Every structure is written in structure tokens, then in C-alpha cells.
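All remarks here apply to the structure that follows.
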Amino acid sequence: MTSYRSLFLKLLSAVLVFGAWEIAGRIPVSYSFPTFLDTMSALAALTLDGTMLRAYAETLQPLAVGVTISAVFGIGIGLWVGLSARFDWLFSPIFIVMQAAPLAALIPLLVMAYGIGLTSKVFVVCIMAMPVIVLNTGAAVRNTPSSLKEMGKAFLAREDQIILKVIIPAASPVIFSGLRLGISAGFIGAILAELKITPTGVGDIITYSRSIADYPSMYAAIFSIILFAVLFLNLVERLEFILFKGNNRGYVSD
């Protein structure tokens with residue numbers, strides 16, 4: 001029953017947003033703001049002629065590499081930060097600074113150091129995604145209830161068993177929340193890299209469409225990356241549910 005209610009609310013929210021978009025485009029609020037139907041028509045045209053598929057083949061390369069690196073190393077470093085006060089003191093400030101740093105100002109430095117190829121774009125994705133994952137994972141591990149760890153010790157569990165079977169499952173909701181936020185930031189970083197470094201992939205569609213005032217295509221490209229991000233984040237949420245069935249605490253979206 002709860003799942004049907006959640007699905008209904010999500011569909012209702014989508015109808016309200018897209019309906020408001022259509023009305024705003026028909027008023028119009030701006031000559032450069034297309035209607036929802038015009039945007040979907042442009043999205044269909046870009047998909048059918050292969051433009052969108054070729055663009056995603058370019059965009060997904062730095063995104064996939066950057067998100068994978070951020071997830072693996074971010075969770076690993078976050079666990080270490082949460083388990084060791086000394087490591088926390090040493091490395092947490094680095095990721096706090098990375099999170100607060102203005103990325104647009106750092107991109108020219110990355111281009112000077114690594115050129116305009118894949119490496120620079122992967123670095124942009126990692127700079128956006130990894131701090132969120134590290135800091136959330138560290139906080140989740142650090143705030144694991146001591147009673148759970150004491151219970152593990154009472155049953156003569158080894159240190160590695162306490163980490164794998166007590167701390168990580170207990171911290172999993174916050175870890176996966178950080179992972180979802182990090183992936184969202186990674187999507188932003190991938191598009192920002194394409195807009196600021198070299199116009200390729202979905203960023204190229206956005207830049208070119210804006211330059212020729214083809215606003216339905218520009219909004220279609222933006223809508224497509226948002227839709228792809230939402231679908232991917234739902235996949236991550238489903239993965240968490242499968243891995244930690246006994247520790248599902250629910251989501252705001254439900």
C-alpha cells in the first residue's frame with residue numbers, strides 16, 4: 001500500500017510540475033522558455049536521429065569513471081576517517097575545503113595541468129562528488145551507536161567483523177544518502193566540465209542550441225540529464241534496499 005501511495009504522489013508531483021511548465025511556456029514567461037510539449041518533441045527528435053545517443057556516449061565516459069572513483073575511494077576514505085580520530089583530523093579539512101572551493105575557478109587550473117581531455121573532466125566529477133561521499137560516510141561511521149559495537153565485542157567479534165557486520169550496516173542509510181548526493185553532484189560536474197572545458201556530449205547540445213536560439217533542444221538536453229540522474233539515483237536506492245533489507249529506514253521521497 002505504501003509503495004502505491006509513493007508512486008501516486010511521485011506521478012502527481014510530475015503532473016503538477018510539467019503542467020506548470022506547459023502553462024508558463026504558453027503565457028509565455030519568456031520568449032526563450034519553450035512549452036513542455038515543444039521540449040518533449042525536441043527530445044524525441046534528438047533521440048530518433050541519434051544525436052542524443054552520441055552525446056551520451058561522450059558524456060558518460062568521464063561521468064562513469066569519476067563516479068566510480070569517487071564511490072570506491074570516497075567510501076573507503078570515509079570509513080577510515082570515521083574509524084580513526086587521527087585520520088579524521090588529518091584528512092577531513094581537505095575534503096571540507098574541496099567541497100567549499102569554487103569549482104569554476106579551479107577548472108582553468110585543471111586544464112593547465114591535465115589539458116582538455118578526459119582526465120580534466122574526470123577530476124571535475126571527482127571534485128564535485130568525492131567530498132560529499134567522504135564526509136557523509138565518515139559522519140555515519142563516527143556516529144554509529146557505541147552500544148552496537150559493545151554488543152559485538154561482547155560476542156567476541158573481531159575488529160574486522162565489527163566493521164563489516166555492525167558498523168557498515170548500521171551506517172548504511174547515511175552512507176547511501178551521501179552516495180546519492182555525491183552522484184548528483186557528479187552529474188553536475190560532468191555537465192559543467194563539458195560547458196567549461198570542451199563542448200562535447202550533452203554540454204555541446206546545450207551550448208550549440210543556445211547559440212542558435214533553439215531553446216526547445218536546449219531544454220530537452222537539460223531535461224534528459226535530469227531524467228537520467230533521477231533514474232540512476234533510484235537504481236542506487238534499490239541497490240541499498242537489496243543489500244541492507246533489514247536496515248531500511250525509509251526515504252523522504254516515500
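Labels used: A, B, ... for chains in the order of the C-alpha cells, numbers from 1 for residues in each chain, and numbers from 1 for ligands as shown.
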
Please tabulate, as JSON lines, the residues of region 36-136 of chain A that come within 12 Å of region 147-166 of chain A, each with its closest pair of atoms and the distance in Å to one decimal, counting only C-alpha atoms and ordering rows by chain, then residue number upward.
{"residue": "A:Leu79", "atom": "CA", "partner": "A:Ile163", "partner_atom": "CA", "distance": 9.1}
{"residue": "A:Trp80", "atom": "CA", "partner": "A:Ile163", "partner_atom": "CA", "distance": 10.7}
{"residue": "A:Gly82", "atom": "CA", "partner": "A:Ile163", "partner_atom": "CA", "distance": 10.9}
{"residue": "A:Leu83", "atom": "CA", "partner": "A:Ile163", "partner_atom": "CA", "distance": 9.0}

* Non-local contacts of Ala190 (chain A) (9 Å; only C-alpha atoms; under 6 positions in same chain excluded) as a VMD selection string -> chain A and resid 59 to 60 62 to 63 66 121 to 122 124 to 125 203

Print the selection's residues with N, CA and C atoms to a file, as a tab-separated table (two decimals), in the first residue's frame.
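The new file again-v8.tsv reads:
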chain	number	residue	atom	x	y	z
A	59	THR	N	29.35	11.94	-22.87
A	59	THR	CA	29.16	12.43	-21.50
A	59	THR	C	29.39	11.34	-20.46
A	60	LEU	N	28.98	10.12	-20.78
A	60	LEU	CA	29.05	9.04	-19.79
A	60	LEU	C	30.48	8.58	-19.50
A	62	PRO	N	33.51	10.40	-18.82
A	62	PRO	CA	34.05	10.99	-17.57
A	62	PRO	C	33.13	10.79	-16.38
A	63	LEU	N	31.82	10.75	-16.64
A	63	LEU	CA	30.87	10.57	-15.54
A	63	LEU	C	31.02	9.21	-14.89
A	66	GLY	N	34.53	8.99	-13.16
A	66	GLY	CA	34.60	9.85	-11.99
A	66	GLY	C	33.73	9.38	-10.85
A	121	LYS	N	38.13	16.27	-17.10
A	121	LYS	CA	36.70	16.12	-16.83
A	121	LYS	C	36.46	15.13	-15.69
A	122	VAL	N	37.26	14.07	-15.64
A	122	VAL	CA	37.15	13.11	-14.53
A	122	VAL	C	37.48	13.80	-13.21
A	124	VAL	N	37.04	16.94	-12.48
A	124	VAL	CA	35.91	17.81	-12.13
A	124	VAL	C	34.81	16.99	-11.45
A	125	VAL	N	34.48	15.83	-12.03
A	125	VAL	CA	33.46	14.97	-11.44
A	125	VAL	C	33.88	14.54	-10.03
A	203	GLY	N	26.64	18.62	-23.02
A	203	GLY	CA	27.03	20.02	-22.90
A	203	GLY	C	27.14	20.72	-24.25

* Structure fact -> Using only C-alpha atoms, the residue out of A:Thr198, A:Ser84, A:Asn143, A:Ser217 with shortest distance to Leu118 (chain A) is A:Thr198

* Structure fact -> Of A:Met218, A:Leu227, A:Ala64, A:Ala14, the one sitting nearest Ser41 (chain A) when using only C-alpha atoms is A:Met218

Which residues come within 10 Å of Ile183 (chain A), counting only C-alpha atoms, excluding same-chain residues fewer than 2 positions away, as a JSON list (two decimals) with all heavy atoms, in the first residue's frame?
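So around_2.json came out as:
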[["chain", "number", "residue", "atom", "x", "y", "z"],
["A", 63, "LEU", "N", 31.82, 10.75, -16.64],
["A", 63, "LEU", "CA", 30.87, 10.57, -15.54],
["A", 63, "LEU", "C", 31.02, 9.21, -14.89],
["A", 63, "LEU", "O", 31.12, 9.09, -13.66],
["A", 63, "LEU", "CB", 29.44, 10.76, -16.06],
["A", 63, "LEU", "CG", 28.33, 10.58, -15.02],
["A", 63, "LEU", "CD1", 28.46, 11.61, -13.91],
["A", 63, "LEU", "CD2", 26.96, 10.69, -15.70],
["A", 64, "ALA", "N", 31.09, 8.15, -15.71],
["A", 64, "ALA", "CA", 31.21, 6.79, -15.17],
["A", 64, "ALA", "C", 32.53, 6.60, -14.44],
["A", 64, "ALA", "O", 32.57, 6.06, -13.32],
["A", 64, "ALA", "CB", 31.08, 5.77, -16.30],
["A", 66, "GLY", "N", 34.53, 8.99, -13.16],
["A", 66, "GLY", "CA", 34.60, 9.85, -11.99],
["A", 66, "GLY", "C", 33.73, 9.38, -10.85],
["A", 66, "GLY", "O", 34.15, 9.39, -9.68],
["A", 67, "VAL", "N", 32.51, 8.94, -11.16],
["A", 67, "VAL", "CA", 31.61, 8.45, -10.11],
["A", 67, "VAL", "C", 32.13, 7.16, -9.50],
["A", 67, "VAL", "O", 32.06, 6.96, -8.28],
["A", 67, "VAL", "CB", 30.19, 8.27, -10.69],
["A", 67, "VAL", "CG1", 29.32, 7.43, -9.74],
["A", 67, "VAL", "CG2", 29.52, 9.61, -10.93],
["A", 68, "THR", "N", 32.68, 6.27, -10.33],
["A", 68, "THR", "CA", 33.24, 5.02, -9.80],
["A", 68, "THR", "C", 34.41, 5.29, -8.86],
["A", 68, "THR", "O", 34.49, 4.73, -7.76],
["A", 68, "THR", "CB", 33.70, 4.12, -10.96],
["A", 68, "THR", "OG1", 32.59, 3.83, -11.81],
["A", 68, "THR", "CG2", 34.25, 2.80, -10.42],
["A", 70, "SER", "N", 35.04, 8.07, -7.26],
["A", 70, "SER", "CA", 34.54, 8.78, -6.08],
["A", 70, "SER", "C", 33.85, 7.83, -5.12],
["A", 70, "SER", "O", 34.01, 7.95, -3.89],
["A", 70, "SER", "CB", 33.57, 9.89, -6.51],
["A", 70, "SER", "OG", 34.22, 10.84, -7.33],
["A", 71, "ALA", "N", 33.06, 6.88, -5.65],
["A", 71, "ALA", "CA", 32.33, 5.96, -4.78],
["A", 71, "ALA", "C", 33.29, 5.02, -4.06],
["A", 71, "ALA", "O", 33.20, 4.83, -2.83],
["A", 71, "ALA", "CB", 31.32, 5.16, -5.60],
["A", 125, "VAL", "N", 34.48, 15.83, -12.03],
["A", 125, "VAL", "CA", 33.46, 14.97, -11.44],
["A", 125, "VAL", "C", 33.88, 14.54, -10.03],
["A", 125, "VAL", "O", 33.07, 14.57, -9.09],
["A", 125, "VAL", "CB", 33.20, 13.74, -12.33],
["A", 125, "VAL", "CG1", 32.24, 12.77, -11.64],
["A", 125, "VAL", "CG2", 32.64, 14.17, -13.68],
["A", 126, "CYS", "N", 35.14, 14.14, -9.87],
["A", 126, "CYS", "CA", 35.62, 13.69, -8.56],
["A", 126, "CYS", "C", 35.61, 14.81, -7.53],
["A", 126, "CYS", "O", 35.25, 14.59, -6.37],
["A", 126, "CYS", "CB", 37.03, 13.11, -8.69],
["A", 126, "CYS", "SG", 37.11, 11.54, -9.56],
["A", 128, "MET", "N", 33.60, 17.26, -7.41],
["A", 128, "MET", "CA", 32.21, 17.51, -7.03],
["A", 128, "MET", "C", 31.65, 16.39, -6.16],
["A", 128, "MET", "O", 30.92, 16.64, -5.20],
["A", 128, "MET", "CB", 31.36, 17.67, -8.29],
["A", 128, "MET", "CG", 31.60, 18.94, -9.07],
["A", 128, "MET", "SD", 30.99, 20.42, -8.23],
["A", 128, "MET", "CE", 29.22, 20.20, -8.34],
["A", 129, "ALA", "N", 31.98, 15.15, -6.49],
["A", 129, "ALA", "CA", 31.31, 14.00, -5.87],
["A", 129, "ALA", "C", 32.00, 13.50, -4.61],
["A", 129, "ALA", "O", 31.34, 13.16, -3.62],
["A", 129, "ALA", "CB", 31.20, 12.87, -6.89],
["A", 130, "MET", "N", 33.33, 13.42, -4.62],
["A", 130, "MET", "CA", 34.02, 12.73, -3.54],
["A", 130, "MET", "C", 33.89, 13.38, -2.17],
["A", 130, "MET", "O", 33.69, 12.68, -1.17],
["A", 130, "MET", "CB", 35.50, 12.53, -3.88],
["A", 130, "MET", "CG", 36.21, 11.56, -2.95],
["A", 130, "MET", "SD", 37.93, 11.23, -3.37],
["A", 130, "MET", "CE", 37.72, 10.35, -4.93],
["A", 132, "VAL", "N", 31.45, 14.96, -0.74],
["A", 132, "VAL", "CA", 30.15, 14.64, -0.15],
["A", 132, "VAL", "C", 30.13, 13.21, 0.36],
["A", 132, "VAL", "O", 29.64, 12.92, 1.47],
["A", 132, "VAL", "CB", 29.03, 14.85, -1.19],
["A", 132, "VAL", "CG1", 27.67, 14.56, -0.58],
["A", 132, "VAL", "CG2", 29.06, 16.26, -1.73],
["A", 133, "ILE", "N", 30.66, 12.29, -0.44],
["A", 133, "ILE", "CA", 30.67, 10.87, -0.06],
["A", 133, "ILE", "C", 31.57, 10.64, 1.15],
["A", 133, "ILE", "O", 31.18, 9.95, 2.10],
["A", 133, "ILE", "CB", 31.11, 10.01, -1.25],
["A", 133, "ILE", "CG1", 30.14, 10.17, -2.42],
["A", 133, "ILE", "CG2", 31.23, 8.54, -0.85],
["A", 133, "ILE", "CD1", 30.58, 9.49, -3.70],
["A", 177, "SER", "N", 22.94, 7.77, 1.52],
["A", 177, "SER", "CA", 22.48, 9.14, 1.30],
["A", 177, "SER", "C", 23.61, 10.00, 0.75],
["A", 177, "SER", "O", 23.43, 10.77, -0.20],
["A", 177, "SER", "CB", 21.96, 9.74, 2.61],
["A", 177, "SER", "OG", 20.80, 9.08, 3.05],
["A", 178, "GLY", "N", 24.80, 9.85, 1.34],
["A", 178, "GLY", "CA", 25.96, 10.56, 0.83],
["A", 178, "GLY", "C", 26.33, 10.13, -0.57],
["A", 178, "GLY", "O", 26.74, 10.96, -1.40],
["A", 179, "LEU", "N", 26.17, 8.83, -0.86],
["A", 179, "LEU", "CA", 26.47, 8.33, -2.20],
["A", 179, "LEU", "C", 25.52, 8.93, -3.22],
["A", 179, "LEU", "O", 25.94, 9.36, -4.31],
["A", 179, "LEU", "CB", 26.37, 6.81, -2.20],
["A", 179, "LEU", "CG", 26.81, 6.09, -3.48],
["A", 179, "LEU", "CD1", 28.26, 6.37, -3.80],
["A", 179, "LEU", "CD2", 26.58, 4.58, -3.34],
["A", 180, "ARG", "N", 24.25, 9.00, -2.88],
["A", 180, "ARG", "CA", 23.28, 9.59, -3.81],
["A", 180, "ARG", "C", 23.57, 11.08, -4.03],
["A", 180, "ARG", "O", 23.50, 11.58, -5.15],
["A", 180, "ARG", "CB", 21.85, 9.38, -3.29],
["A", 180, "ARG", "CG", 21.38, 7.95, -3.35],
["A", 180, "ARG", "CD", 19.87, 7.86, -3.16],
["A", 180, "ARG", "NE", 19.47, 8.36, -1.86],
["A", 180, "ARG", "CZ", 19.44, 7.64, -0.74],
["A", 180, "ARG", "NH1", 19.83, 6.38, -0.76],
["A", 180, "ARG", "NH2", 19.04, 8.15, 0.39],
["A", 181, "LEU", "N", 23.88, 11.80, -2.94],
["A", 181, "LEU", "CA", 24.21, 13.22, -3.09],
["A", 181, "LEU", "C", 25.49, 13.40, -3.90],
["A", 181, "LEU", "O", 25.59, 14.32, -4.72],
["A", 181, "LEU", "CB", 24.38, 13.85, -1.70],
["A", 181, "LEU", "CG", 23.11, 14.00, -0.87],
["A", 181, "LEU", "CD1", 23.45, 14.44, 0.55],
["A", 181, "LEU", "CD2", 22.16, 14.99, -1.51],
["A", 185, "ALA", "N", 25.97, 15.33, -7.46],
["A", 185, "ALA", "CA", 27.00, 16.35, -7.69],
["A", 185, "ALA", "C", 27.89, 15.95, -8.86],
["A", 185, "ALA", "O", 28.36, 16.82, -9.62],
["A", 185, "ALA", "CB", 27.83, 16.53, -6.42],
["A", 186, "GLY", "N", 28.15, 14.64, -9.03],
["A", 186, "GLY", "CA", 28.95, 14.17, -10.15],
["A", 186, "GLY", "C", 28.30, 14.47, -11.49],
["A", 186, "GLY", "O", 28.99, 14.85, -12.45],
["A", 187, "PHE", "N", 26.98, 14.33, -11.58],
["A", 187, "PHE", "CA", 26.27, 14.68, -12.81],
["A", 187, "PHE", "C", 26.44, 16.17, -13.11],
["A", 187, "PHE", "O", 26.67, 16.56, -14.26],
["A", 187, "PHE", "CB", 24.78, 14.34, -12.67],
["A", 187, "PHE", "CG", 24.44, 12.92, -13.02],
["A", 187, "PHE", "CD1", 24.47, 11.93, -12.06],
["A", 187, "PHE", "CD2", 24.11, 12.57, -14.31],
["A", 187, "PHE", "CE1", 24.17, 10.61, -12.37],
["A", 187, "PHE", "CE2", 23.80, 11.26, -14.65],
["A", 187, "PHE", "CZ", 23.83, 10.27, -13.68],
["A", 188, "ILE", "N", 26.32, 16.99, -12.08],
["A", 188, "ILE", "CA", 26.52, 18.43, -12.28],
["A", 188, "ILE", "C", 27.94, 18.70, -12.75],
["A", 188, "ILE", "O", 28.16, 19.50, -13.67],
["A", 188, "ILE", "CB", 26.24, 19.18, -10.96],
["A", 188, "ILE", "CG1", 24.78, 19.01, -10.55],
["A", 188, "ILE", "CG2", 26.58, 20.67, -11.11],
["A", 188, "ILE", "CD1", 24.47, 19.54, -9.16],
["A", 189, "GLY", "N", 28.91, 18.02, -12.14],
["A", 189, "GLY", "CA", 30.31, 18.21, -12.53],
["A", 189, "GLY", "C", 30.57, 17.80, -13.97],
["A", 189, "GLY", "O", 31.33, 18.47, -14.69],
["A", 229, "ALA", "N", 19.70, 11.26, -14.34],
["A", 229, "ALA", "CA", 20.19, 11.29, -12.97],
["A", 229, "ALA", "C", 19.17, 10.72, -12.00],
["A", 229, "ALA", "O", 19.51, 9.95, -11.09],
["A", 229, "ALA", "CB", 20.56, 12.72, -12.58],
["A", 232, "PHE", "N", 19.04, 6.94, -12.35],
["A", 232, "PHE", "CA", 20.24, 6.31, -11.79],
["A", 232, "PHE", "C", 20.20, 6.34, -10.26],
["A", 232, "PHE", "O", 20.58, 5.37, -9.60],
["A", 232, "PHE", "CB", 21.50, 7.02, -12.30],
["A", 232, "PHE", "CG", 22.77, 6.30, -11.96],
["A", 232, "PHE", "CD1", 23.18, 5.22, -12.72],
["A", 232, "PHE", "CD2", 23.55, 6.68, -10.89],
["A", 232, "PHE", "CE1", 24.36, 4.53, -12.42],
["A", 232, "PHE", "CE2", 24.72, 6.01, -10.58],
["A", 232, "PHE", "CZ", 25.12, 4.93, -11.34],
["A", 233, "LEU", "N", 19.74, 7.44, -9.69],
["A", 233, "LEU", "CA", 19.65, 7.54, -8.23],
["A", 233, "LEU", "C", 18.62, 6.57, -7.67],
["A", 233, "LEU", "O", 18.80, 6.02, -6.58],
["A", 233, "LEU", "CB", 19.32, 8.97, -7.82],
["A", 233, "LEU", "CG", 20.43, 10.00, -8.07],
["A", 233, "LEU", "CD1", 19.93, 11.40, -7.77],
["A", 233, "LEU", "CD2", 21.66, 9.68, -7.24],
["A", 236, "VAL", "N", 20.36, 3.30, -7.45],
["A", 236, "VAL", "CA", 21.20, 3.22, -6.26],
["A", 236, "VAL", "C", 20.36, 2.97, -5.01],
["A", 236, "VAL", "O", 20.74, 2.19, -4.14],
["A", 236, "VAL", "CB", 22.02, 4.53, -6.10],
["A", 236, "VAL", "CG1", 22.78, 4.54, -4.79],
["A", 236, "VAL", "CG2", 22.99, 4.69, -7.27]]

* At what distance in Å, to one decimal, does CA of Ile205 (chain A) lie from CA of Asp49 (chain A)? ->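 Here the two named atoms are 13.4 Å from each other.
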
Excluding Tyr219 (chain A) and any residue of its chain fewer than 2 positions from it, enumerate the residues within 8 Å of it, using only C-alpha atoms, and give them as a compact mmCIF listing (two decimals) with all heavy atoms, in the first residue's frame.
# COMPACT_ATOMS: atom_id res chain seq x y z
N PRO A 34 10.49 27.48 -23.69
CA PRO A 34 9.54 26.72 -24.50
C PRO A 34 8.53 25.99 -23.64
O PRO A 34 8.71 25.83 -22.43
CB PRO A 34 10.45 25.71 -25.24
CG PRO A 34 11.58 25.48 -24.28
CD PRO A 34 11.80 26.80 -23.59
N THR A 39 9.38 20.94 -25.81
CA THR A 39 10.63 20.36 -25.32
C THR A 39 10.66 18.85 -25.53
O THR A 39 11.67 18.29 -25.96
CB THR A 39 10.81 20.68 -23.82
OG1 THR A 39 10.78 22.10 -23.63
CG2 THR A 39 12.13 20.12 -23.29
N ILE A 206 23.65 21.63 -25.42
CA ILE A 206 23.17 22.80 -24.69
C ILE A 206 23.81 24.07 -25.24
O ILE A 206 23.12 25.06 -25.52
CB ILE A 206 23.48 22.66 -23.19
CG1 ILE A 206 22.69 21.48 -22.59
CG2 ILE A 206 23.13 23.95 -22.44
CD1 ILE A 206 23.07 21.14 -21.17
N TYR A 215 15.77 26.87 -28.35
CA TYR A 215 15.56 26.67 -26.92
C TYR A 215 14.86 25.35 -26.59
O TYR A 215 15.16 24.75 -25.55
CB TYR A 215 14.81 27.85 -26.34
CG TYR A 215 15.61 29.13 -26.44
CD1 TYR A 215 15.21 30.17 -27.27
CD2 TYR A 215 16.79 29.28 -25.72
CE1 TYR A 215 15.95 31.33 -27.38
CE2 TYR A 215 17.55 30.44 -25.83
CZ TYR A 215 17.13 31.45 -26.66
OH TYR A 215 17.89 32.60 -26.77
N PRO A 216 13.94 24.85 -27.42
CA PRO A 216 13.39 23.52 -27.10
C PRO A 216 14.45 22.43 -27.03
O PRO A 216 14.42 21.57 -26.13
CB PRO A 216 12.40 23.28 -28.24
CG PRO A 216 11.97 24.64 -28.66
CD PRO A 216 13.20 25.48 -28.52
N SER A 217 15.43 22.46 -27.94
CA SER A 217 16.51 21.46 -27.91
C SER A 217 17.41 21.66 -26.69
O SER A 217 17.87 20.69 -26.09
CB SER A 217 17.34 21.54 -29.19
OG SER A 217 16.58 21.17 -30.31
N ALA A 221 17.88 18.81 -23.78
CA ALA A 221 19.15 18.25 -23.31
C ALA A 221 19.25 18.35 -21.79
O ALA A 221 19.69 17.40 -21.12
CB ALA A 221 20.31 18.97 -23.97
N ILE A 222 18.84 19.49 -21.23
CA ILE A 222 18.87 19.67 -19.78
C ILE A 222 17.91 18.69 -19.10
O ILE A 222 18.25 18.04 -18.10
CB ILE A 222 18.52 21.12 -19.40
CG1 ILE A 222 19.57 22.08 -19.97
CG2 ILE A 222 18.38 21.28 -17.89
CD1 ILE A 222 19.19 23.55 -19.85
N PHE A 223 16.72 18.55 -19.67
CA PHE A 223 15.73 17.63 -19.10
C PHE A 223 16.23 16.19 -19.15
O PHE A 223 16.01 15.42 -18.21
CB PHE A 223 14.41 17.76 -19.88
CG PHE A 223 13.34 16.82 -19.40
CD1 PHE A 223 12.54 17.14 -18.31
CD2 PHE A 223 13.12 15.61 -20.05
CE1 PHE A 223 11.56 16.27 -17.87
CE2 PHE A 223 12.14 14.74 -19.62
CZ PHE A 223 11.36 15.08 -18.53

* To do: Enter the distance from CA of Ile69 (chain A) to CA of Ile167 (chain A), in Å, rounded to one decimal.
  =>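 Between CA of Ile69 (chain A) and CA of Ile167 (chain A) the gap is 22.6 Å.
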
* **For Asp38 (chain A), the nearest of the candidates A:Asp214, A:Leu135, A:Asn234, A:Gln99, counting only C-alpha atoms** =>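 Nearest to Asp38 (chain A): A:Asp214.
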
* Asked: What's the 9 Å shell around region 51-54 of chain A, counting only C-alpha atoms, without same-chain residues fewer than 3 positions away, as an MDAnalysis selection string?
  -> chainID A and resid 43 45:48 57:59 201:202 205 221 224

* **Among the residues A:Ile197, A:Ile225, A:Trp21, A:Phe176, the one that comes closest to Met112 (chain A) [using only C-alpha atoms]** =>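 Result for the nearest residue to Met112 (chain A): A:Ile197.
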
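One finds CA of Phe95 (chain A) at 25.8 Å from CA of Ser146 (chain A).
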